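Have a look at coords07.txt below; it lists compact mmCIF, C-alpha atoms and all ligand atoms.
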# COMPACT_ATOMS: atom_id res chain seq x y z
CA MET J 1 11.74 -27.66 -2.29
CA TYR J 2 10.96 -24.32 -0.65
CA LYS J 3 7.52 -23.77 0.85
CA ILE J 4 6.73 -20.07 0.56
CA THR J 5 3.64 -18.15 1.67
CA LEU J 6 2.15 -16.15 -1.20
CA LEU J 7 -0.21 -13.22 -0.63
CA PRO J 8 -1.31 -11.99 -4.07
CA GLY J 9 -2.98 -9.03 -2.33
CA ASP J 10 -5.45 -6.45 -3.62
CA GLY J 11 -5.90 -4.34 -6.73
CA ILE J 12 -3.02 -4.96 -9.15
CA GLY J 13 -1.55 -7.60 -6.76
CA PRO J 14 -3.01 -10.73 -8.42
CA ASP J 15 -1.75 -9.60 -11.89
CA ILE J 16 1.82 -8.85 -10.81
CA THR J 17 2.12 -11.94 -8.59
CA ALA J 18 0.90 -14.19 -11.46
CA ALA J 19 3.65 -12.73 -13.68
CA THR J 20 6.25 -13.29 -10.94
CA LYS J 21 5.16 -16.88 -10.26
CA LYS J 22 5.60 -17.69 -13.94
CA ILE J 23 9.14 -16.25 -13.95
CA LEU J 24 10.12 -18.09 -10.77
CA ALA J 25 8.79 -21.36 -12.22
CA ALA J 26 11.08 -20.79 -15.24
CA THR J 27 14.19 -20.53 -13.00
CA GLY J 28 13.82 -24.22 -12.04
CA VAL J 29 14.02 -23.40 -8.31
CA ALA J 30 11.46 -25.75 -6.72
CA ILE J 31 8.85 -23.71 -4.86
CA GLU J 32 5.58 -24.87 -3.34
CA TRP J 33 3.32 -21.84 -2.85
CA ASP J 34 1.12 -21.64 0.23
CA GLU J 35 -1.37 -19.06 -1.03
CA TYR J 36 -3.75 -16.91 1.09
CA LEU J 37 -6.11 -14.00 0.74
CA ALA J 38 -5.14 -10.93 2.73
CA GLY J 39 -6.10 -7.26 2.68
CA GLU J 40 -9.43 -5.99 1.42
CA SER J 41 -10.01 -9.16 -0.59
CA ALA J 42 -9.98 -11.27 2.61
CA ILE J 43 -12.72 -9.32 4.38
CA PRO J 44 -15.84 -10.88 2.74
CA GLU J 45 -14.74 -14.41 3.63
CA PHE J 46 -12.89 -13.88 6.92
CA GLY J 47 -14.25 -10.60 8.30
CA THR J 48 -10.69 -9.28 8.73
CA PRO J 49 -7.97 -8.07 6.35
CA LEU J 50 -5.36 -10.11 8.22
CA PRO J 51 -6.77 -13.63 8.85
CA GLU J 52 -4.91 -15.60 11.54
CA GLN J 53 -3.92 -18.35 9.06
CA VAL J 54 -1.85 -15.80 7.11
CA LEU J 55 0.33 -15.13 10.14
CA THR J 56 0.42 -18.84 11.03
CA SER J 57 1.58 -19.73 7.50
CA ILE J 58 4.32 -17.06 7.43
CA ARG J 59 5.52 -18.06 10.91
CA LYS J 60 5.68 -21.70 9.77
CA ASN J 61 7.28 -21.18 6.34
CA LYS J 62 9.42 -18.25 7.57
CA ILE J 63 9.31 -16.65 4.17
CA ALA J 64 6.63 -14.88 2.12
CA LEU J 65 6.17 -13.01 -1.14
CA LYS J 66 3.41 -10.47 -1.01
CA GLY J 67 1.55 -8.20 -3.36
CA PRO J 68 0.25 -4.84 -2.16
CA LEU J 69 -2.63 -4.75 0.32
CA THR J 70 -5.27 -2.06 0.31
CA THR J 71 -5.79 -0.59 3.75
CA PRO J 72 -9.57 -0.70 4.25
CA ILE J 73 -11.01 2.40 5.85
CA GLY J 74 -13.17 1.98 8.96
CA THR J 75 -11.75 -1.25 10.42
CA GLY J 76 -9.68 -1.70 13.57
CA PHE J 77 -6.51 -1.90 11.46
CA ARG J 78 -4.58 1.26 10.80
CA SER J 79 -2.68 -0.50 8.01
CA VAL J 80 -2.50 -4.22 7.31
CA ASN J 81 1.07 -3.79 6.15
CA VAL J 82 2.12 -2.07 9.37
CA ALA J 83 0.23 -4.74 11.38
CA LEU J 84 2.01 -7.56 9.50
CA ARG J 85 5.43 -5.99 10.08
CA LYS J 86 4.70 -5.49 13.78
CA GLU J 87 3.13 -8.93 14.36
CA LEU J 88 6.10 -10.71 12.77
CA ASP J 89 8.65 -8.22 14.15
CA LEU J 90 10.04 -7.59 10.66
CA TYR J 91 12.30 -4.85 11.94
CA ALA J 92 14.41 -4.15 8.85
CA ASN J 93 12.92 -2.83 5.64
CA VAL J 94 15.50 -2.96 2.86
CA ARG J 95 14.74 -0.95 -0.26
CA PRO J 96 17.38 -0.93 -2.98
CA ALA J 97 17.17 1.64 -5.79
CA ARG J 98 19.39 1.28 -8.84
CA THR J 99 19.24 2.52 -12.39
CA TYR J 100 18.68 0.15 -15.29
CA GLU J 101 19.84 1.12 -18.75
CA GLY J 102 16.91 2.06 -20.98
CA ILE J 103 14.84 3.79 -18.32
CA ARG J 104 14.28 7.48 -18.75
CA SER J 105 15.48 9.04 -15.54
CA ARG J 106 17.57 12.08 -14.63
CA TYR J 107 20.51 9.95 -13.49
CA ASP J 108 22.19 6.90 -14.94
CA ASN J 109 24.44 5.61 -12.20
CA ILE J 110 22.41 5.24 -9.07
CA ASP J 111 22.94 2.36 -6.67
CA LEU J 112 21.41 3.17 -3.29
CA VAL J 113 20.00 1.04 -0.48
CA VAL J 114 17.60 2.42 2.13
CA VAL J 115 17.56 0.43 5.38
CA ARG J 116 14.45 1.60 7.20
CA GLU J 117 13.61 0.72 10.81
CA ASN J 118 10.20 -0.91 10.51
CA THR J 119 8.60 -1.18 13.95
CA GLU J 120 9.14 2.04 15.95
CA ASP J 121 9.14 5.81 15.53
CA LEU J 122 5.94 7.67 14.64
CA TYR J 123 4.56 4.45 13.08
CA ALA J 124 4.38 2.63 16.42
CA GLY J 125 0.69 3.53 16.42
CA VAL J 126 0.59 5.39 19.72
CA GLU J 127 -1.68 8.33 18.98
CA HIS J 128 -4.74 9.93 20.45
CA MET J 129 -6.92 13.00 20.43
CA VAL J 130 -6.36 15.51 23.22
CA GLY J 131 -9.84 16.90 23.58
CA GLU J 132 -11.48 17.75 20.27
CA ASP J 133 -9.02 20.22 18.87
CA ALA J 134 -5.60 18.69 19.38
CA ALA J 135 -3.97 15.34 18.67
CA GLU J 136 -0.74 13.62 19.61
CA THR J 137 1.35 10.90 18.00
CA ILE J 138 4.17 9.59 20.15
CA LYS J 139 7.58 9.06 18.54
CA ILE J 140 9.19 5.98 20.04
CA ILE J 141 12.88 5.23 19.54
CA THR J 142 14.55 2.58 21.70
CA ARG J 143 18.20 1.64 22.14
CA LYS J 144 17.37 -1.99 21.30
CA GLY J 145 15.47 -1.02 18.13
CA SER J 146 18.22 1.36 17.02
CA GLU J 147 21.00 -1.12 17.75
CA ARG J 148 19.48 -3.94 15.74
CA ILE J 149 18.69 -1.80 12.70
CA CYS J 150 22.10 -0.09 12.68
CA ARG J 151 23.88 -3.41 13.08
CA PHE J 152 21.70 -4.83 10.29
CA ALA J 153 22.77 -1.94 8.00
CA PHE J 154 26.47 -2.50 8.66
CA GLU J 155 26.15 -6.28 8.27
CA TYR J 156 24.28 -5.72 4.99
CA ALA J 157 27.04 -3.36 3.82
CA LYS J 158 29.72 -5.91 4.75
CA LYS J 159 28.01 -8.88 3.09
CA ASN J 160 27.22 -6.95 -0.09
CA ASN J 161 30.63 -5.26 -0.49
CA ARG J 162 29.26 -1.78 0.03
CA ARG J 163 31.65 0.98 1.03
CA LYS J 164 29.67 3.37 3.22
CA VAL J 165 26.77 3.66 5.66
CA THR J 166 25.05 7.01 6.23
CA ALA J 167 22.78 7.44 9.28
CA VAL J 168 19.88 9.81 8.59
CA HIS J 169 18.22 11.71 11.47
CA LYS J 170 16.97 15.01 12.82
CA ALA J 171 18.94 14.94 16.04
CA ASN J 172 19.51 18.69 15.99
CA ILE J 173 15.80 19.17 16.81
CA MET J 174 14.67 15.85 18.33
CA LYS J 175 17.61 15.55 20.68
CA CYS J 176 16.20 12.67 22.75
CA THR J 177 14.71 10.34 20.12
CA ASP J 178 16.86 10.98 17.04
CA GLY J 179 19.75 11.85 19.36
CA LEU J 180 19.55 8.30 20.75
CA PHE J 181 19.34 6.80 17.24
CA LEU J 182 22.41 8.79 16.12
CA SER J 183 24.50 7.95 19.18
CA VAL J 184 23.73 4.24 18.71
CA ALA J 185 24.67 4.47 15.00
CA GLN J 186 27.99 6.13 15.92
CA TYR J 187 28.70 3.45 18.52
CA ILE J 188 27.85 0.52 16.18
CA ALA J 189 29.97 2.12 13.41
CA LYS J 190 33.07 1.66 15.60
CA GLU J 191 32.57 -2.14 15.30
CA TYR J 192 32.95 -1.87 11.50
CA PRO J 193 36.15 0.17 10.90
CA GLU J 194 36.37 -1.17 7.31
CA ILE J 195 33.10 0.58 6.38
CA GLU J 196 33.00 4.35 6.07
CA PHE J 197 30.41 6.01 8.30
CA GLU J 198 28.82 9.45 8.25
CA ASP J 199 25.53 11.02 9.27
CA ARG J 200 23.19 13.51 7.60
CA ILE J 201 20.26 15.54 8.82
CA VAL J 202 17.20 14.31 6.92
CA ASP J 203 16.32 17.57 5.14
CA ASN J 204 19.89 18.00 3.93
CA MET J 205 19.87 14.30 2.93
CA CYS J 206 16.88 14.92 0.62
CA MET J 207 18.66 17.79 -1.12
CA GLN J 208 21.92 15.85 -1.39
CA LEU J 209 20.14 12.82 -2.88
CA VAL J 210 18.59 14.98 -5.58
CA GLN J 211 21.84 16.84 -6.32
CA LYS J 212 24.55 14.21 -5.81
CA PRO J 213 23.03 10.74 -5.37
CA GLU J 214 26.31 9.12 -6.47
CA LEU J 215 27.91 10.13 -3.14
CA TYR J 216 25.67 7.78 -1.16
CA ASP J 217 25.50 4.03 -0.71
CA VAL J 218 23.67 2.33 2.22
CA MET J 219 21.51 4.67 4.33
CA VAL J 220 19.99 3.69 7.68
CA MET J 221 17.19 5.63 9.35
CA PRO J 222 14.11 5.60 11.57
CA ASN J 223 10.74 4.52 10.13
CA LEU J 224 9.17 7.77 8.88
CA TYR J 225 12.30 9.12 7.16
CA GLY J 226 12.76 5.68 5.57
CA ASP J 227 9.24 5.69 4.18
CA ILE J 228 9.74 9.09 2.56
CA ILE J 229 13.36 8.72 1.42
CA SER J 230 12.72 5.33 -0.19
CA ASP J 231 10.01 6.88 -2.39
CA LEU J 232 12.42 9.71 -3.22
CA CYS J 233 15.00 7.09 -4.24
CA ALA J 234 12.36 5.23 -6.33
CA GLY J 235 11.72 8.54 -8.11
CA LEU J 236 15.44 8.96 -8.82
CA VAL J 237 15.57 5.64 -10.69
CA GLY J 238 12.34 5.86 -12.69
CA GLY J 239 9.34 5.42 -10.39
CA LEU J 240 7.42 3.09 -8.12
CA GLY J 241 7.02 0.41 -10.78
CA LEU J 242 10.74 -0.38 -10.30
CA ALA J 243 11.20 -0.31 -6.53
CA PRO J 244 11.50 -3.64 -4.65
CA GLY J 245 11.55 -4.23 -0.91
CA ALA J 246 12.32 -6.81 1.75
CA ASN J 247 11.02 -6.88 5.32
CA ILE J 248 13.44 -8.86 7.42
CA GLY J 249 13.05 -10.14 10.97
CA ARG J 250 15.20 -12.43 13.11
CA ASP J 251 14.17 -15.58 11.24
CA VAL J 252 11.21 -14.47 9.08
CA ALA J 253 11.27 -12.42 5.87
CA VAL J 254 8.51 -10.95 3.71
CA PHE J 255 9.34 -9.62 0.24
CA GLU J 256 7.10 -7.01 -1.39
CA PRO J 257 7.18 -4.10 -3.82
CA VAL J 258 7.31 -0.56 -2.40
CA HIS J 259 4.21 0.48 -4.36
CA GLY J 260 0.57 0.04 -3.35
CA SER J 261 -2.43 -1.70 -4.91
CA ALA J 262 -3.18 1.01 -7.54
CA PRO J 263 -6.91 0.07 -7.50
CA LYS J 264 -7.70 1.95 -10.73
CA TYR J 265 -5.60 -0.59 -12.68
CA ALA J 266 -7.01 -3.70 -10.92
CA GLY J 267 -7.57 -6.70 -13.21
CA MET J 268 -6.26 -4.92 -16.33
CA ASP J 269 -2.81 -6.62 -16.41
CA LYS J 270 -1.50 -3.17 -17.30
CA VAL J 271 1.02 -2.17 -14.62
CA ASN J 272 4.71 -2.88 -14.42
CA PRO J 273 5.52 -6.15 -12.59
CA THR J 274 9.22 -5.18 -12.20
CA ALA J 275 9.04 -4.08 -8.54
CA ILE J 276 7.64 -7.42 -7.35
CA ILE J 277 9.90 -9.39 -9.72
CA LEU J 278 12.91 -7.59 -8.18
CA SER J 279 11.44 -8.33 -4.73
CA ALA J 280 11.43 -12.01 -5.76
CA VAL J 281 15.09 -11.59 -6.83
CA LEU J 282 15.87 -10.32 -3.30
CA MET J 283 14.01 -13.38 -1.99
CA LEU J 284 16.08 -15.76 -4.15
CA ARG J 285 19.29 -14.12 -2.85
CA TYR J 286 18.01 -14.43 0.75
CA LEU J 287 17.48 -18.17 0.06
CA GLY J 288 21.01 -18.43 -1.36
CA GLU J 289 19.73 -19.07 -4.91
CA MET J 290 22.27 -16.64 -6.40
CA LYS J 291 22.35 -18.17 -9.89
CA ALA J 292 18.58 -17.99 -10.34
CA ALA J 293 18.54 -14.45 -8.90
CA ASP J 294 21.19 -13.25 -11.37
CA GLN J 295 19.43 -15.05 -14.23
CA VAL J 296 16.13 -13.22 -13.54
CA GLU J 297 17.74 -9.82 -12.89
CA ASN J 298 19.92 -9.99 -16.03
CA ALA J 299 16.97 -11.03 -18.22
CA LEU J 300 14.85 -8.24 -16.75
CA ALA J 301 17.63 -5.70 -17.37
CA THR J 302 17.87 -6.86 -21.01
CA VAL J 303 14.12 -6.53 -21.56
CA ILE J 304 14.15 -3.02 -20.07
CA ARG J 305 17.25 -2.02 -22.09
CA GLU J 306 15.70 -3.23 -25.36
CA GLY J 307 12.47 -1.41 -24.47
CA LYS J 308 10.34 -3.49 -26.87
CA THR J 309 8.16 -5.42 -24.44
CA VAL J 310 7.70 -3.06 -21.52
CA THR J 311 4.65 -1.62 -19.77
CA TYR J 312 3.11 1.85 -20.18
CA ASP J 313 5.14 3.51 -17.41
CA LEU J 314 8.36 2.61 -19.27
CA GLY J 315 7.00 4.00 -22.54
CA GLY J 316 5.74 0.68 -23.94
CA THR J 317 2.37 -0.92 -24.61
CA ALA J 318 2.97 -4.46 -23.31
CA LYS J 319 0.73 -6.08 -20.72
CA GLY J 320 2.41 -7.15 -17.46
CA MET J 321 2.25 -10.85 -18.41
CA GLU J 322 3.73 -10.11 -21.86
CA MET J 323 6.67 -8.41 -20.15
CA ALA J 324 7.07 -11.48 -17.89
CA GLU J 325 7.07 -13.77 -20.94
CA ALA J 326 9.71 -11.60 -22.63
CA ILE J 327 11.84 -11.93 -19.47
CA ILE J 328 11.44 -15.72 -19.51
CA ALA J 329 12.49 -15.80 -23.18
CA LYS J 330 15.73 -13.97 -22.25
CA MET J 331 16.41 -16.43 -19.42
CA ARG J 332 16.77 -19.34 -21.81
P1 LIG Y 1 -0.07 3.14 -5.29
O1 LIG Y 1 1.38 2.84 -5.18
O2 LIG Y 1 -1.01 2.01 -5.22
O3 LIG Y 1 -0.34 3.87 -6.66
C1 LIG Y 1 0.00 5.21 -6.98
C2 LIG Y 1 0.21 5.32 -8.47
O4 LIG Y 1 1.53 4.85 -8.78
C3 LIG Y 1 -0.72 4.46 -9.33
O5 LIG Y 1 -1.95 5.08 -9.59
C4 LIG Y 1 0.11 4.25 -10.56
O6 LIG Y 1 0.00 5.37 -11.41
C5 LIG Y 1 1.53 4.18 -10.04
N1 LIG Y 1 1.97 2.79 -9.83
C6 LIG Y 1 1.97 2.08 -8.68
N2 LIG Y 1 2.45 0.85 -8.90
C7 LIG Y 1 2.75 0.79 -10.21
C8 LIG Y 1 3.29 -0.25 -11.05
N3 LIG Y 1 3.62 -1.46 -10.58
N4 LIG Y 1 3.48 0.02 -12.37
C9 LIG Y 1 3.16 1.22 -12.86
N5 LIG Y 1 2.66 2.23 -12.14
C10 LIG Y 1 2.47 2.02 -10.82
O7 LIG Y 1 -0.40 4.22 -4.11
P2 LIG Y 1 -1.80 4.72 -3.54
O8 LIG Y 1 -2.75 4.97 -4.67
O9 LIG Y 1 -1.44 5.80 -2.61
O10 LIG Y 1 -2.33 3.50 -2.65
C11 LIG Y 1 -3.35 2.57 -3.05
C12 LIG Y 1 -3.58 1.57 -1.93
O11 LIG Y 1 -2.39 0.80 -1.73
C13 LIG Y 1 -3.92 2.18 -0.56
O12 LIG Y 1 -4.94 1.42 0.05
C14 LIG Y 1 -2.65 2.05 0.23
O13 LIG Y 1 -2.89 1.93 1.61
C15 LIG Y 1 -2.08 0.76 -0.34
N6 LIG Y 1 -0.61 0.65 -0.20
C16 LIG Y 1 -0.14 -0.60 0.11
C17 LIG Y 1 1.22 -0.79 0.20
C18 LIG Y 1 1.72 -2.18 0.54
O14 LIG Y 1 0.96 -3.13 0.44
N7 LIG Y 1 2.97 -2.34 0.93
C19 LIG Y 1 2.12 0.25 -0.04
C20 LIG Y 1 1.60 1.49 -0.39
C21 LIG Y 1 0.23 1.68 -0.47
Same coordinates, now as structure tokens:
Amino acid sequence: MYKITLLPGDGIGPDITAATKKILAATGVAIEWDEYLAGESAIPEFGTPLPEQVLTSIRKNKIALKGPLTTPIGTGFRSVNVALRKELDLYANVRPARTYEGIRSRYDNIDLVVVRENTEDLYAGVEHMVGEDAAETIKIITRKGSERICRFAFEYAKKNNRRKVTAVHKANIMKCTDGLFLSVAQYIAKEYPEIEFEDRIVDNMCMQLVQKPELYDVMVMPNLYGDIISDLCAGLVGGLGLAPGANIGRDVAVFEPVHGSAPKYAGMDKVNPTAIILSAVLMLRYLGEMKAADQVENALATVIREGKTVTYDLGGTAKGMEMAEAIIAKMR
């Protein structure tokens, strides 16, 4: 029996997590959910978007599945998601992007993984006004932070039989910060001679991904580039409704879709639950439940390929829960 923290989240979160819970129950993997409010929906009861018991539960269970959290404006938190990643030191954000047959997209053979550093860079939250008419955000890159994310990327590549790691940077301009990141990546690469290594400047990387995405495999990069490039990759494979993510720390992991809480669709059971279902598939693999993970992913791929019971963004008219039920029917 796994005890897993569940944060349904805000906006569309409760709808897509309900669909995912139903699918996970159908796999037969025994899960006891430890469920908490977080984000905007936690404020009326707890006066904060990140109540202490959420962090306590994740620290205790060491694993969580989370829906999107709205970042409330005007509180001490810059972003609840960033706070959660920093508090739990979830330093690696893994965002796979692959094409599924049946989805209208410009490419049909994409299989990319963005490994984004999750705690440093321009997202470290060190910023201030300089007088009234200027502002500064400090970009922080450390050797320790770069080493652990680069090593994570190579270990991920090794474990998942991937052939290449590309380090993405802007070291030609930011010679100290991105220069440090690149030199660490080059040094770690020497420990993995069986995996091809190369580096790309981030602007060139964007163009290359749009023109020749098939040339790339695992990509590792500092926080800001990872945020932007993972959305680019989601766009290459059909949109945010399909993009899963995992935030991994030393012994804690939080799985969540890349997309946000899409407040305009809250409570309508309208949006695509695929991104969080695929996040749950990543969670099952992390737990070593490979059979259940394959069962869910294959059933999902079949439902998408058939295109009969899919949500509006995939050209269908099904509700999110109807899509989940169609997936369960294919799992039998
Ligand atoms: P969003 O991802 O919530 O939505 C943008 C648009 O993408 C939606 O209007 C919708 O058209 C589409 N979309 C998103 N998810 C979809 C799905 N599952 N199926 C189909 N279409 C989907 O981005 P936003 O509007 O910029 O952000 C809304 C809120 O979410 C903000 O408060 C933001 O801070 C928060 N956010 C949270 C996370 C997170 O929890 N990790 C991530 C991003 C944004």
Using only C-alpha atoms for the distances, tell me which of J:Ile16, J:Ala134, J:Leu209, J:Val237 is nearest to J:Ser105.
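Distance minimum relative to J:Ser105 lands on J:Val237.
The shortest atom-to-atom distance to J:Ile229, with all atoms listed in the file taken into account, belongs to J:Val113 out of J:Ile304, J:Ile328, J:Leu284, J:Val113.
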Write as a list in words the residues around ligand LIG 1 (chain Y), taking 7 Å as the cut-off and counting only C-alpha atoms and all ligand atoms.
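Using only C-alpha atoms and all ligand atoms, everything at most 7 Å from ligand LIG 1 (chain Y) comes to Gly67, Pro68, Leu69, Thr70, Thr71, Pro72, Ser79, Asn81, Leu240, Gly241, Glu256, Pro257, Val258, His259, Gly260, Ser261, Ala262, Pro263, Lys264, Val271, Asn272, Pro273, Thr274, Ala275 and Asp313 of chain J.
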In Å, how far is it from atom CA of J:Asp217 to atom CA of J:Val114?
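Atom CA of J:Val114 lies at a distance of 8.5 Å from atom CA of J:Asp217.
Closest approach to J:Ala246 among J:Ala329, J:Val94, J:Ala266, J:Val29: J:Val94, based on only C-alpha atoms.
Computed from the coordinates, the atom CA of J:Asn93 to atom CA of J:Pro222 distance equals 10.4 Å.
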Quick one: of J:Glu127, J:Thr20, J:Val303, J:Ala64, who's nearest to J:Leu6, counting all atoms listed in the file?
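Under the stated criterion, the closest residue is J:Ala64.
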Shell of 12 Å around J:Ile141, all atoms listed in the file, local chain residues under 6 positions omitted, as a PyMOL selection string:
chain J and resi 117-124+147-149+169+171+174-184+221-224
Which residues are near J:Phe154? Cut-off 12 Å, only C-alpha atoms, ignore same chain within fewer than 3 positions. Put them as a ChimeraX atom specification.
/J:113,115,147-151,157-167,185-197,217-220
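Between J:Asp269 and the candidates J:Leu7, J:Val202, J:Val130, J:Ile12, the tightest atom-to-atom separation, counting only C-alpha atoms, involves J:Ile12.
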May I ask which of the residues J:Asp251, J:Asp294, J:Glu325, J:Asp10 is the closest one to J:Tyr91, counting all atoms listed in the file?
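Closest candidate: J:Asp251.
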Point-to-point distance from atom CA of J:Met331 to atom CA of J:Gly9, Å rounded to tenths
26.9 Å
Contact table stretch 197-296 of chain J vs stretch 53-62 of chain J, cut-off 10 Å, shortest pair per residue, all atoms listed in the file, as JSON lines:
{"residue": "J:Gly249", "atom": "CA", "partner": "J:Lys62", "partner_atom": "CA", "distance": 9.5}
{"residue": "J:Arg250", "atom": "CA", "partner": "J:Lys62", "partner_atom": "CA", "distance": 9.9}
{"residue": "J:Asp251", "atom": "CA", "partner": "J:Lys62", "partner_atom": "CA", "distance": 6.6}
{"residue": "J:Val252", "atom": "CA", "partner": "J:Lys62", "partner_atom": "CA", "distance": 4.4}
{"residue": "J:Ala253", "atom": "CA", "partner": "J:Lys62", "partner_atom": "CA", "distance": 6.3}
{"residue": "J:Val254", "atom": "CA", "partner": "J:Ile58", "partner_atom": "CA", "distance": 8.3}
For stretch 234-251 of chain J, supply N, CA, C and O atoms and format the output as a PDB file, in the coordinates of the input.
ATOM      1  N   ALA J 234      13.086   5.879  -5.217  1.00  0.00           N
ATOM      2  CA  ALA J 234      12.360   5.230  -6.330  1.00  0.00           C
ATOM      3  C   ALA J 234      12.179   6.246  -7.453  1.00  0.00           C
ATOM      4  O   ALA J 234      12.342   5.924  -8.640  1.00  0.00           O
ATOM      5  N   GLY J 235      11.877   7.483  -7.097  1.00  0.00           N
ATOM      6  CA  GLY J 235      11.720   8.540  -8.110  1.00  0.00           C
ATOM      7  C   GLY J 235      13.014   8.815  -8.852  1.00  0.00           C
ATOM      8  O   GLY J 235      13.002   9.071 -10.054  1.00  0.00           O
ATOM      9  N   LEU J 236      14.147   8.706  -8.169  1.00  0.00           N
ATOM     10  CA  LEU J 236      15.440   8.960  -8.820  1.00  0.00           C
ATOM     11  C   LEU J 236      15.739   7.928  -9.907  1.00  0.00           C
ATOM     12  O   LEU J 236      16.451   8.210 -10.860  1.00  0.00           O
ATOM     13  N   VAL J 237      15.214   6.710  -9.741  1.00  0.00           N
ATOM     14  CA  VAL J 237      15.570   5.640 -10.690  1.00  0.00           C
ATOM     15  C   VAL J 237      14.426   5.301 -11.653  1.00  0.00           C
ATOM     16  O   VAL J 237      14.506   4.313 -12.365  1.00  0.00           O
ATOM     17  N   GLY J 238      13.360   6.097 -11.665  1.00  0.00           N
ATOM     18  CA  GLY J 238      12.340   5.860 -12.690  1.00  0.00           C
ATOM     19  C   GLY J 238      10.950   5.527 -12.188  1.00  0.00           C
ATOM     20  O   GLY J 238      10.074   5.230 -12.994  1.00  0.00           O
ATOM     21  N   GLY J 239      10.719   5.537 -10.885  1.00  0.00           N
ATOM     22  CA  GLY J 239       9.340   5.420 -10.390  1.00  0.00           C
ATOM     23  C   GLY J 239       9.047   4.172  -9.591  1.00  0.00           C
ATOM     24  O   GLY J 239       9.866   3.255  -9.479  1.00  0.00           O
ATOM     25  N   LEU J 240       7.826   4.156  -9.035  1.00  0.00           N
ATOM     26  CA  LEU J 240       7.420   3.090  -8.120  1.00  0.00           C
ATOM     27  C   LEU J 240       7.352   1.718  -8.769  1.00  0.00           C
ATOM     28  O   LEU J 240       7.504   0.702  -8.104  1.00  0.00           O
ATOM     29  N   GLY J 241       7.115   1.689 -10.071  1.00  0.00           N
ATOM     30  CA  GLY J 241       7.020   0.410 -10.780  1.00  0.00           C
ATOM     31  C   GLY J 241       8.318  -0.384 -10.735  1.00  0.00           C
ATOM     32  O   GLY J 241       8.363  -1.550 -11.107  1.00  0.00           O
ATOM     33  N   LEU J 242       9.414   0.259 -10.268  1.00  0.00           N
ATOM     34  CA  LEU J 242      10.740  -0.380 -10.300  1.00  0.00           C
ATOM     35  C   LEU J 242      11.340  -0.624  -8.926  1.00  0.00           C
ATOM     36  O   LEU J 242      12.483  -1.061  -8.834  1.00  0.00           O
ATOM     37  N   ALA J 243      10.572  -0.321  -7.855  1.00  0.00           N
ATOM     38  CA  ALA J 243      11.200  -0.310  -6.530  1.00  0.00           C
ATOM     39  C   ALA J 243      10.823  -1.539  -5.694  1.00  0.00           C
ATOM     40  O   ALA J 243       9.689  -1.663  -5.233  1.00  0.00           O
ATOM     41  N   PRO J 244      11.786  -2.452  -5.451  1.00  0.00           N
ATOM     42  CA  PRO J 244      11.500  -3.640  -4.650  1.00  0.00           C
ATOM     43  C   PRO J 244      11.765  -3.409  -3.173  1.00  0.00           C
ATOM     44  O   PRO J 244      12.414  -2.433  -2.790  1.00  0.00           O
ATOM     45  N   GLY J 245      11.281  -4.354  -2.337  1.00  0.00           N
ATOM     46  CA  GLY J 245      11.550  -4.230  -0.910  1.00  0.00           C
ATOM     47  C   GLY J 245      11.588  -5.578  -0.219  1.00  0.00           C
ATOM     48  O   GLY J 245      11.028  -6.568  -0.710  1.00  0.00           O
ATOM     49  N   ALA J 246      12.277  -5.608   0.921  1.00  0.00           N
ATOM     50  CA  ALA J 246      12.320  -6.810   1.750  1.00  0.00           C
ATOM     51  C   ALA J 246      12.102  -6.376   3.189  1.00  0.00           C
ATOM     52  O   ALA J 246      12.686  -5.391   3.637  1.00  0.00           O
ATOM     53  N   ASN J 247      11.227  -7.095   3.892  1.00  0.00           N
ATOM     54  CA  ASN J 247      11.020  -6.880   5.320  1.00  0.00           C
ATOM     55  C   ASN J 247      11.650  -8.054   6.050  1.00  0.00           C
ATOM     56  O   ASN J 247      11.193  -9.189   5.886  1.00  0.00           O
ATOM     57  N   ILE J 248      12.685  -7.763   6.829  1.00  0.00           N
ATOM     58  CA  ILE J 248      13.440  -8.860   7.420  1.00  0.00           C
ATOM     59  C   ILE J 248      13.345  -8.833   8.945  1.00  0.00           C
ATOM     60  O   ILE J 248      13.523  -7.782   9.558  1.00  0.00           O
ATOM     61  N   GLY J 249      13.055 -10.004   9.514  1.00  0.00           N
ATOM     62  CA  GLY J 249      13.050 -10.140  10.970  1.00  0.00           C
ATOM     63  C   GLY J 249      14.164 -11.090  11.388  1.00  0.00           C
ATOM     64  O   GLY J 249      15.050 -11.396  10.585  1.00  0.00           O
ATOM     65  N   ARG J 250      14.119 -11.571  12.638  1.00  0.00           N
ATOM     66  CA  ARG J 250      15.200 -12.430  13.110  1.00  0.00           C
ATOM     67  C   ARG J 250      15.284 -13.721  12.304  1.00  0.00           C
ATOM     68  O   ARG J 250      16.346 -14.103  11.852  1.00  0.00           O
ATOM     69  N   ASP J 251      14.117 -14.381  12.083  1.00  0.00           N
ATOM     70  CA  ASP J 251      14.170 -15.580  11.240  1.00  0.00           C
ATOM     71  C   ASP J 251      12.998 -15.654  10.264  1.00  0.00           C
ATOM     72  O   ASP J 251      12.711 -16.714   9.721  1.00  0.00           O
TER      73      ASP J 251
END
